[in-house]
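Undergrad: Please find upload-v1.pdb (PDB, C-alpha atoms) on the next line:
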ATOM      1  CA  ARG A  10      10.629  52.417  26.134  1.00  0.00           C
ATOM      2  CA  VAL A  11      10.589  49.954  23.242  1.00  0.00           C
ATOM      3  CA  ARG A  12      13.966  51.206  22.012  1.00  0.00           C
ATOM      4  CA  GLU A  13      15.418  51.051  25.517  1.00  0.00           C
ATOM      5  CA  HIS A  14      14.228  47.443  25.884  1.00  0.00           C
ATOM      6  CA  GLU A  15      15.828  46.488  22.549  1.00  0.00           C
ATOM      7  CA  ARG A  16      19.089  48.184  23.559  1.00  0.00           C
ATOM      8  CA  GLU A  17      19.135  46.338  26.902  1.00  0.00           C
ATOM      9  CA  LEU A  18      18.584  43.028  25.112  1.00  0.00           C
ATOM     10  CA  LEU A  19      21.396  43.807  22.660  1.00  0.00           C
ATOM     11  CA  GLU A  20      23.705  44.735  25.553  1.00  0.00           C
ATOM     12  CA  TYR A  21      23.017  41.280  26.968  1.00  0.00           C
ATOM     13  CA  ALA A  22      22.893  39.264  23.739  1.00  0.00           C
ATOM     14  CA  LEU A  23      25.937  40.465  21.818  1.00  0.00           C
ATOM     15  CA  PRO A  24      28.567  39.642  24.462  1.00  0.00           C
ATOM     16  CA  ALA A  25      26.701  36.507  25.579  1.00  0.00           C
ATOM     17  CA  LEU A  26      26.598  35.117  22.038  1.00  0.00           C
ATOM     18  CA  ALA A  27      30.257  35.989  21.447  1.00  0.00           C
ATOM     19  CA  ALA A  28      31.344  34.403  24.737  1.00  0.00           C
ATOM     20  CA  ALA A  29      29.308  31.218  24.309  1.00  0.00           C
ATOM     21  CA  HIS A  30      30.137  30.816  20.616  1.00  0.00           C
ATOM     22  CA  PRO A  31      33.403  32.613  19.757  1.00  0.00           C
ATOM     23  CA  ASP A  32      33.318  31.107  16.250  1.00  0.00           C
ATOM     24  CA  LEU A  33      29.897  32.621  15.519  1.00  0.00           C
ATOM     25  CA  ALA A  34      29.980  35.296  12.815  1.00  0.00           C
ATOM     26  CA  LEU A  35      28.025  38.302  14.090  1.00  0.00           C
ATOM     27  CA  TYR A  36      27.281  41.048  11.566  1.00  0.00           C
ATOM     28  CA  GLY A  37      26.740  44.726  12.227  1.00  0.00           C
ATOM     29  CA  PRO A  38      28.130  47.109  14.819  1.00  0.00           C
ATOM     30  CA  MET A  39      28.788  45.643  18.244  1.00  0.00           C
ATOM     31  CA  ASP A  40      27.648  48.888  19.904  1.00  0.00           C
ATOM     32  CA  PRO A  41      23.981  48.439  20.917  1.00  0.00           C
ATOM     33  CA  ALA A  42      23.446  52.197  20.773  1.00  0.00           C
ATOM     34  CA  VAL A  43      23.890  52.280  17.002  1.00  0.00           C
ATOM     35  CA  ARG A  44      21.984  49.210  15.874  1.00  0.00           C
ATOM     36  CA  GLY A  45      18.395  48.042  15.813  1.00  0.00           C
ATOM     37  CA  GLY A  46      16.986  45.053  17.632  1.00  0.00           C
ATOM     38  CA  VAL A  47      18.274  42.437  15.186  1.00  0.00           C
ATOM     39  CA  ILE A  48      21.363  40.261  15.126  1.00  0.00           C
ATOM     40  CA  PRO A  49      22.304  38.668  11.815  1.00  0.00           C
ATOM     41  CA  PHE A  50      24.696  35.748  12.291  1.00  0.00           C
ATOM     42  CA  ASN A  51      26.167  32.646  10.730  1.00  0.00           C
ATOM     43  CA  VAL A  52      27.331  29.402  12.264  1.00  0.00           C
ATOM     44  CA  PRO A  53      30.517  28.483  10.353  1.00  0.00           C
ATOM     45  CA  GLY A  54      30.007  25.435   8.174  1.00  0.00           C
ATOM     46  CA  VAL A  55      26.199  25.402   8.462  1.00  0.00           C
ATOM     47  CA  HIS A  56      23.854  27.034   5.951  1.00  0.00           C
ATOM     48  CA  PRO A  57      21.577  29.605   7.627  1.00  0.00           C
ATOM     49  CA  HIS A  58      18.447  27.789   6.442  1.00  0.00           C
ATOM     50  CA  ASP A  59      19.672  24.658   8.229  1.00  0.00           C
ATOM     51  CA  VAL A  60      20.408  26.745  11.334  1.00  0.00           C
ATOM     52  CA  ALA A  61      16.849  28.095  11.240  1.00  0.00           C
ATOM     53  CA  GLN A  62      15.360  24.625  10.855  1.00  0.00           C
ATOM     54  CA  VAL A  63      17.277  23.141  13.790  1.00  0.00           C
ATOM     55  CA  LEU A  64      16.426  26.147  15.967  1.00  0.00           C
ATOM     56  CA  ASP A  65      12.772  25.838  14.951  1.00  0.00           C
ATOM     57  CA  ARG A  66      12.703  22.289  16.347  1.00  0.00           C
ATOM     58  CA  SER A  67      13.521  23.848  19.738  1.00  0.00           C
ATOM     59  CA  GLY A  68      10.835  26.510  19.406  1.00  0.00           C
ATOM     60  CA  ILE A  69      13.317  29.265  18.526  1.00  0.00           C
ATOM     61  CA  ALA A  70      12.211  31.426  15.623  1.00  0.00           C
ATOM     62  CA  VAL A  71      14.838  33.108  13.458  1.00  0.00           C
ATOM     63  CA  ARG A  72      14.713  34.213   9.842  1.00  0.00           C
ATOM     64  CA  ALA A  73      17.162  32.946   7.243  1.00  0.00           C
ATOM     65  CA  GLY A  74      17.965  34.472   3.892  1.00  0.00           C
ATOM     66  CA  HIS A  75      18.949  37.852   2.472  1.00  0.00           C
ATOM     67  CA  HIS A  76      16.555  39.927   4.649  1.00  0.00           C
ATOM     68  CA  CYS A  77      15.992  42.427   1.803  1.00  0.00           C
ATOM     69  CA  THR A  78      19.729  43.173   1.795  1.00  0.00           C
ATOM     70  CA  MET A  79      20.927  41.033  -1.080  1.00  0.00           C
ATOM     71  CA  PRO A  80      23.408  43.692  -2.334  1.00  0.00           C
ATOM     72  CA  LEU A  81      25.015  43.748   1.121  1.00  0.00           C
ATOM     73  CA  HIS A  82      25.132  39.951   1.261  1.00  0.00           C
ATOM     74  CA  GLU A  83      26.781  39.913  -2.173  1.00  0.00           C
ATOM     75  CA  ARG A  84      29.284  42.578  -1.075  1.00  0.00           C
ATOM     76  CA  LEU A  85      30.138  40.506   2.017  1.00  0.00           C
ATOM     77  CA  ASP A  86      30.201  37.323  -0.103  1.00  0.00           C
ATOM     78  CA  LEU A  87      27.499  35.677   2.001  1.00  0.00           C
ATOM     79  CA  ALA A  88      24.974  33.213   0.617  1.00  0.00           C
ATOM     80  CA  ALA A  89      22.589  34.187   3.430  1.00  0.00           C
ATOM     81  CA  THR A  90      22.467  34.874   7.166  1.00  0.00           C
ATOM     82  CA  ALA A  91      20.272  33.815  10.038  1.00  0.00           C
ATOM     83  CA  ARG A  92      18.700  36.706  11.933  1.00  0.00           C
ATOM     84  CA  ALA A  93      17.383  36.913  15.472  1.00  0.00           C
ATOM     85  CA  SER A  94      14.948  39.792  15.988  1.00  0.00           C
ATOM     86  CA  PHE A  95      14.071  41.361  19.322  1.00  0.00           C
ATOM     87  CA  ASN A  96      11.008  43.333  20.326  1.00  0.00           C
ATOM     88  CA  VAL A  97       8.847  44.103  23.347  1.00  0.00           C
ATOM     89  CA  TYR A  98       7.998  40.461  24.023  1.00  0.00           C
ATOM     90  CA  THR A  99      11.623  39.226  23.891  1.00  0.00           C
ATOM     91  CA  THR A 100      13.305  38.303  27.191  1.00  0.00           C
ATOM     92  CA  ARG A 101      16.785  37.375  28.319  1.00  0.00           C
ATOM     93  CA  ALA A 102      15.492  33.820  28.635  1.00  0.00           C
ATOM     94  CA  ASP A 103      14.783  33.890  24.898  1.00  0.00           C
ATOM     95  CA  ILE A 104      18.379  34.924  24.261  1.00  0.00           C
ATOM     96  CA  ASP A 105      19.622  32.143  26.540  1.00  0.00           C
ATOM     97  CA  ALA A 106      17.459  29.710  24.540  1.00  0.00           C
ATOM     98  CA  LEU A 107      19.037  31.004  21.316  1.00  0.00           C
ATOM     99  CA  ILE A 108      22.509  30.425  22.746  1.00  0.00           C
ATOM    100  CA  ALA A 109      21.562  26.878  23.759  1.00  0.00           C
ATOM    101  CA  GLY A 110      19.915  26.347  20.374  1.00  0.00           C
ATOM    102  CA  ILE A 111      23.089  27.320  18.555  1.00  0.00           C
ATOM    103  CA  ALA A 112      24.918  24.712  20.631  1.00  0.00           C
ATOM    104  CA  GLU A 113      22.340  22.190  19.419  1.00  0.00           C
ATOM    105  CA  VAL A 114      22.929  23.268  15.804  1.00  0.00           C
ATOM    106  CA  LYS A 115      26.624  22.598  16.281  1.00  0.00           C
ATOM    107  CA  ARG A 116      25.909  19.223  17.857  1.00  0.00           C
ATOM    108  CA  VAL A 117      23.608  18.197  14.994  1.00  0.00           C
ATOM    109  CA  PHE A 118      26.201  19.188  12.396  1.00  0.00           C
ATOM    110  CA  GLY A 119      29.195  17.814  14.300  1.00  0.00           C
ATOM    111  CA  ILE A 120      30.891  21.129  14.919  1.00  0.00           C
TER     112      ILE A 120
END
Mind turning this structure into structure tokens?
TA:
Amino acid sequence: RVREHERELLEYALPALAAAHPDLALYGPMDPAVRGGVIPFNVPGVHPHDVAQVLDRSGIAVRAGHHCTMPLHERLDLAATARASFNVYTTRADIDALIAGIAEVKRVFGI
């Protein structure tokens, strides 16, 4: 049931993020059936640590950094990524808050 919940959240989040923020760089397969409950992303022109800090001000917790995948980040030529993680306590409202939070990041950085 945990996996099914994560998959349902991914089915909602991936297209919602892409539609609301077409410039957002989403990493990993877009098929929820073949990915775990995490979405690494970057807001173009904003360092992931800055993204995380602005989101934190709105009560949205994401991780920023290499996420124990530094070789992959180097291969993709990425300094870092922000990562949203989903689990049993995550709701669609949390995803909607993330989408709104990314809009706030863009506002703060003039994007």
Undergrad: Measure the distance from atom CA of Val47 of chain A to atom CA of His82 of chain A in Å and round it to one decimal.
TA: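 So the answer is 15.7 Å.
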Undergrad: Go through the shown structure with the PyMOL selection byres ((chain A and resi 45) around 10) and write out the matching residues as a list in words.
TA: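 With the PyMOL selection byres ((chain A and resi 45) around 10) on this model, the match is Arg12, Glu15, Arg16, Leu19, Gly37, Pro38, Pro41, Ala42, Val43, Arg44, Gly46, Val47, Ile48, Ser94, Phe95 and Asn96 of chain A.
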Undergrad: Using all atoms listed in the file, find the one residue out of A:Leu33, A:Met39, A:Val55, A:Ala106 that sits nearest to Ala88 of chain A.
TA: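 Of A:Leu33, A:Met39, A:Val55, A:Ala106, the one nearest Ala88 of chain A is A:Val55, counting all atoms listed in the file.
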Undergrad: Taking (27.7, 18.3, 6.8) in the file's coordinates as the center, which residues reach within 10 Å of it, counting only C-alpha atoms, put as a ChimeraX atom specification?
TA: /A:54-56,117-120
Undergrad: Within 10 Å of His30 of chain A, counting only C-alpha atoms, which residues qualify if same-chain residues fewer than 6 places away don't, as a VMD selection string?
TA: chain A and resid 24 52 108 to 109 111 to 112 115
